[in-house]
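Peer 1: Following this message is one structure expressed as structure tokens.
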There are 2 protein chains.
Amino acid sequence: MFTLSEENYLKTIYHLELELDKDVSTNSIANKLETKASSVSDMIKKLSEKELVIYKKYQGVKLTDFGKKIAANIVRKHRLWEVFLVEKLNFSWDEVHEVAEQLEHIKSPKLINQLDALLGFPTHDPHGDPIPDKEGNLNVLDKILLASLLKNESGICVGVDDSSSEFLQFLDKKGITLGKQITVLEKEKYDDSLAVKIENKKLTISNKIANNIYIRKL
Amino acid sequence: MFTLSEENYLKTIYHLELELDKDVSTNSIANKLETKASSVSDMIKKLSEKELVIYKKYQGVKLTDFGKKIAANIVRKHRLWEVFLVEKLNFSWDEVHEVAEQLEHIKSPKLINQLDALLGFPTHDPHGDPIPDKEGNLNVLDKILLASLLKNESGICVGVDDSSSEFLQFLDKKGITLGKQITVLEKEKYDDSLAVKIENKKLTISNKIANNIYIRKL
DNA sequence: TTAAATTTTTAGATAAGACTAAAAATATAT
DNA sequence: ATATATTTTTAGTCTTATCTAAAAATTTAA
């Protein structure tokens with residue numbers, strides 16, 4: 001169907017569209033893929049010929065409905081594999097990305113449907129990101145930043161913004177993991193740090209951390 | 001580590017060495033890979049430079065110990081994934097090959113070790129072929145052809161020689177699957193067909209079929 | 001054992017994907 | 001508004017893996 005390289009470009013454009021909410025520039029793609037703008041320019045022409053993106057010279061690109069569907073399916077596969085690795089193969093949530101980057105390119109609809117069933121049709125990956133359905137639709141859930149909770153409000157940890165190994169391991173160490181309930185005990189005006197309760201333990205959390213953790217309000 | 005193409009060549013040479021038990025000719029590789037002898041010639045040079053094969057012009061190739069280890073590991077991955085597809089994702093044994101061809105190239109030692117554990121450290125794939133261990137050693141089990149059983153002898157079905165969809169589906173239809181016990185009731189001299197009993201049902205099996213089914217004697 | 005047939009290798013071309021350097025278009029600042 | 005800076009595209013090169021056509025080596029047969 002599509003080459004490895006084409007799939008990686010589509011996925012990147014998909015993520016950038018959601019992130020920036022406007023047409024995606026050649027440079028921003030080059031940045032994400034750690035390649036050169038000239039290479040991106042070449043590939044965009046090819047994707048455009050295949051009607052996967054809309055492209056006007058110097059104006060950036062946008063996925064067509066067709067391109068969006070292909071891209072969402074790759075993201076779907078990536079996130080289902082991440083769930084598999086964590087749930088069935090005892091990977092920790094900071095180890096899954098690299099392997100899922102490879103597995104997302106395996107072509108077999110039956111494989112993905114059966115995997116989905118084996119995992120109990122999960123709606124979110126181990127980082128709390130939503131898994132697109134078979135048609136490519138995203139079920140965005142109303143998650144908010146921990147930093148935006150008010151004093152005495154509570155929520156369930158549903159994801160992170162920064163998913164680097166360092167950050168995820170830091171959270172593990174502090175006992176902050178997916179599904180845990182967090183209550184804000186105090187908000188410190190001076191540095192915007194939070195005093196929170198998690199499983200009856202009290203913790204102090206800096207504003208930087210609180211701006212990287214997603215919560216679903218209770 | 002190695003490219004997709006290099007891995008496929010190594011795997012093919014590995015299989016041909018076991019099958020033919022002598023140095024592998026350029027043409028036989030070209031045949032298996034459905035490519036041209038000239039392409040094989042090119043790739044052999046590259047594999048030889050990387051010390052994966054021993055190569056003397058016009059004399060065919062042989063895997064080095066290093067090459068054999070790499071190849072066995074790819075076969076190991078292929079067969080473990082086949083077990084996974086059948087045991088965990090409800091694939092039938094004639095559907096697994098194509099997907100395993102893709103999955104065998106995923107690079108992650110942890111993934112394979114955990115998969116091995118999840119499956120209970122299987123020794124054979126769904127076609128009865130042995131799974132190489134982590135060091136690349138094959139535990140060849142004493143399987144024999146059904147056709148070589150004598151009258152009144154019994155055995156367990158442990159594999160097939162021809163693993164085409166047609167043949168595997170034919171076997172399923174007849175109720176002949178891995179692990180089933182088969183007893184030879186009669187051998188017909190005229191056409192070498194067999195009368196066999198399997199799960200208290202009597203069947204007549206042609207010599208062609210009996211030469212494609214592997215049995216472990218009881 | 002020499003000629004014919006087969007197998008294998010070389011030479012040269014092609015396509016995908018990436019790169020560098022330079023040109024062209026667009027955006028920014030004085 | 002025009003010069004400067006930035007972004008994007010083009011032109012040309014490189015690598016990997018493939019191919020066809022032709023040359024070279026080996027094997028087979030008369």
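Letters A, B, ... go to the chains of the structure tokens in the order shown; residues in each chain start at 1; ligands are counted from 1 in the same order.
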Select, as a PDB file with C-alpha atoms, in the first residue's frame, those residues of chain B with any atom no more than 12 Å from chain C (distances computed using only C-alpha atoms (C1' of nucleotides)).

Peer 2:
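Result file iface-v2.pdb:
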ATOM      1  CA  SER B  25      23.758 -21.857  -5.352  1.00  0.00           C
ATOM      2  CA  THR B  26      22.973 -18.367  -6.582  1.00  0.00           C
ATOM      3  CA  ASN B  27      20.104 -19.709  -8.667  1.00  0.00           C
ATOM      4  CA  SER B  28      18.437 -21.574  -5.813  1.00  0.00           C
ATOM      5  CA  ALA B  30      17.002 -16.431  -6.749  1.00  0.00           C
ATOM      6  CA  LYS B  36      17.112 -12.524 -10.505  1.00  0.00           C
ATOM      7  CA  ALA B  37      20.462 -14.284 -10.189  1.00  0.00           C
ATOM      8  CA  SER B  38      22.198 -10.964 -10.813  1.00  0.00           C
ATOM      9  CA  SER B  39      20.488  -9.395  -7.810  1.00  0.00           C
ATOM     10  CA  VAL B  40      21.502 -12.359  -5.688  1.00  0.00           C
ATOM     11  CA  SER B  41      25.062 -12.010  -6.877  1.00  0.00           C
ATOM     12  CA  ASP B  42      25.101  -8.374  -5.779  1.00  0.00           C
ATOM     13  CA  ILE B  44      25.994 -12.062  -1.745  1.00  0.00           C
ATOM     14  CA  LYS B  45      28.948  -9.735  -2.164  1.00  0.00           C
ATOM     15  CA  LYS B  56      33.791 -18.152  -3.603  1.00  0.00           C
ATOM     16  CA  LYS B  57      32.785 -17.024  -7.063  1.00  0.00           C
ATOM     17  CA  TYR B  58      30.781 -19.645  -8.959  1.00  0.00           C
ATOM     18  CA  GLN B  59      30.926 -21.991  -5.919  1.00  0.00           C
ATOM     19  CA  GLY B  60      27.812 -20.894  -4.015  1.00  0.00           C
TER      20      GLY B  60
END

Peer 1: Give me the residues of chain D that have any atom at most 12 Å from an atom of chain A; for each, the nearest atom pair and the distance in Å, rounded to one decimal. Use only C-alpha atoms (C1' of nucleotides), sort by chain and number, and format it as a tab-separated table.

Peer 2:
residue	atom	partner	partner_atom	distance
D:DT6	C1'	A:Asn27	CA	11.0
D:DT7	C1'	A:Asn27	CA	7.7
D:DT8	C1'	A:Tyr58	CA	5.8
D:DT9	C1'	A:Ser41	CA	7.1
D:DT10	C1'	A:Ser38	CA	8.9
D:DA11	C1'	A:Ser38	CA	11.2

Peer 1: Using only C-alpha atoms, find each residue of chain A with at least one atom at most 8 Å away from an atom of chain B; report its shortest atom-to-atom pair and that distance in Å (one decimal), sort the rows by chain and rising residue number, and return the result as CSV.

Peer 2:
residue,atom,partner,partner_atom,distance
A:Leu85,CA,B:Leu111,CA,7.9
A:Lys88,CA,B:Leu118,CA,7.5
A:Leu89,CA,B:Gln114,CA,5.4
A:Asn90,CA,B:Gln114,CA,7.6
A:Val99,CA,B:Ser108,CA,6.7
A:Gln102,CA,B:Ile106,CA,6.3
A:Leu103,CA,B:Ile106,CA,7.0
A:Ile106,CA,B:Gln102,CA,6.3
A:Lys107,CA,B:Val99,CA,7.5
A:Ser108,CA,B:Val99,CA,6.8
A:Leu111,CA,B:Leu89,CA,7.3
A:Gln114,CA,B:Leu89,CA,5.5
A:Leu115,CA,B:Leu89,CA,6.6
A:Leu118,CA,B:Leu89,CA,7.1

Peer 1: If we count only C-alpha atoms (C1' of nucleotides) and set the cut-off at 8 Å, which residues sit around range 5-12 of chain B, ignoring sequence neighbours fewer than 4 positions away in its own chain? Please answer as a list in words.

Peer 2: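 Selected residues are Leu16, Ile29, Lys32, Leu33, Met43, Leu47, Leu63, Gly67, Lys68, Ile70, Ala71, Ala72, Ile74, Val75 and His105 of chain B.
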
Peer 1: Which polymer residues have any atom within 10 Å of an atom of Trp93 in chain A, counting only C-alpha atoms (C1' of nucleotides), with same-chain residues fewer than 4 positions away left out, as a list of chain:residue names?

Peer 2: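 The residues that qualify are A:Glu82, A:Val83, A:Leu85, A:Val86, A:Glu87, A:His97, A:Asp125, A:Pro126, A:His127, A:Ser163, A:Ser164, A:Ser165, A:Leu168, A:Gln169, A:Asp172, A:Thr177, A:Leu178.
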
Peer 1: As a ChimeraX atom specification, please: all residues of range 2-198 of chain B that backbone DSSP puts in helix (DSSP H, G or I).

Peer 2: /B:4-20,26-33,37-49,65-89,96-103,109-118,146-148,165-174

Peer 1: So how far away is CA of Leu18 in chain A from CA of Val160 in chain A, in Å?

Peer 2: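 A separation of 16.3 Å between them.
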
Peer 1: Write out as a PyMOL selection string the residues lying within 8 Å of range 191-196 of chain A, counting only C-alpha atoms (C1' of nucleotides) and excluding same-chain residues fewer than 6 positions away.

Peer 2: chain A and resi 147+182-185+202-207+210

Peer 1: Can you pull out every residue within 12 Å of Asn139 in chain B, counting only C-alpha atoms (C1' of nucleotides), but drop anything in the same chain fewer than 2 positions away, and send it as a ChimeraX atom specification?

Peer 2: /B:72,76,122-124,128-137,141-143

Peer 1: Could the residues in this selection be written to a file with N, CA and C atoms, as a CSV table (one decimal), in the first residue's frame?

Peer 2:
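Okay, result_9.csv is ready:
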chain,number,residue,atom,x,y,z
B,72,ALA,N,19.1,-17.7,12.4
B,72,ALA,CA,18.3,-18.6,13.3
B,72,ALA,C,17.4,-17.7,14.2
B,76,ARG,N,13.6,-17.9,14.6
B,76,ARG,CA,13.0,-17.9,16.0
B,76,ARG,C,11.8,-17.0,16.1
B,122,PRO,N,7.2,-22.1,24.0
B,122,PRO,CA,6.9,-23.2,23.0
B,122,PRO,C,8.1,-23.7,22.3
B,123,THR,N,8.1,-25.0,22.0
B,123,THR,CA,9.3,-25.6,21.3
B,123,THR,C,9.0,-25.8,19.8
B,124,HIS,N,7.7,-25.7,19.4
B,124,HIS,CA,7.4,-25.8,17.9
B,124,HIS,C,6.3,-24.9,17.5
B,128,GLY,N,4.5,-27.4,13.3
B,128,GLY,CA,5.3,-28.5,13.8
B,128,GLY,C,6.8,-28.3,13.6
B,129,ASP,N,7.2,-27.1,13.1
B,129,ASP,CA,8.6,-26.8,12.9
B,129,ASP,C,9.2,-26.3,14.2
B,130,PRO,N,10.4,-26.8,14.5
B,130,PRO,CA,11.1,-26.4,15.8
B,130,PRO,C,11.5,-25.0,15.9
B,131,ILE,N,11.4,-24.4,17.1
B,131,ILE,CA,11.7,-23.0,17.3
B,131,ILE,C,13.2,-22.9,17.8
B,132,PRO,N,14.1,-22.3,17.1
B,132,PRO,CA,15.5,-22.2,17.6
B,132,PRO,C,15.5,-21.5,19.0
B,133,ASP,N,16.4,-21.9,19.8
B,133,ASP,CA,16.5,-21.2,21.1
B,133,ASP,C,17.3,-19.9,21.0
B,134,LYS,N,17.5,-19.2,22.1
B,134,LYS,CA,18.1,-17.8,22.0
B,134,LYS,C,19.5,-17.9,21.4
B,135,GLU,N,20.2,-19.0,21.5
B,135,GLU,CA,21.6,-19.1,20.9
B,135,GLU,C,21.5,-19.5,19.5
B,136,GLY,N,20.3,-19.8,19.0
B,136,GLY,CA,20.2,-20.2,17.6
B,136,GLY,C,20.2,-21.7,17.4
B,137,ASN,N,20.2,-22.5,18.5
B,137,ASN,CA,20.3,-24.0,18.3
B,137,ASN,C,18.9,-24.6,18.0
B,141,LEU,N,13.4,-32.6,16.5
B,141,LEU,CA,12.7,-33.8,17.1
B,141,LEU,C,12.6,-34.9,16.1
B,142,ASP,N,12.5,-36.1,16.6
B,142,ASP,CA,12.5,-37.3,15.7
B,142,ASP,C,11.1,-37.5,15.0
B,143,LYS,N,10.9,-36.6,14.1
B,143,LYS,CA,9.6,-36.7,13.4
B,143,LYS,C,9.8,-37.5,12.1

Peer 1: Between CA of Lys180 in chain B and CA of Glu199 in chain B, what is the distance, to one decimal in Å?

Peer 2: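 Going from CA of Lys180 in chain B over to CA of Glu199 in chain B, I get 7.6 Å.
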
Peer 1: Quick check for you: according to DSSP on this backbone, which residues of chain B are classed as strand (DSSP E)? Reply as number ranges by chain.

Peer 2: B: 53-55, 61-63, 144-145, 154-160, 181-187, 194-198, 201-205, 213-217
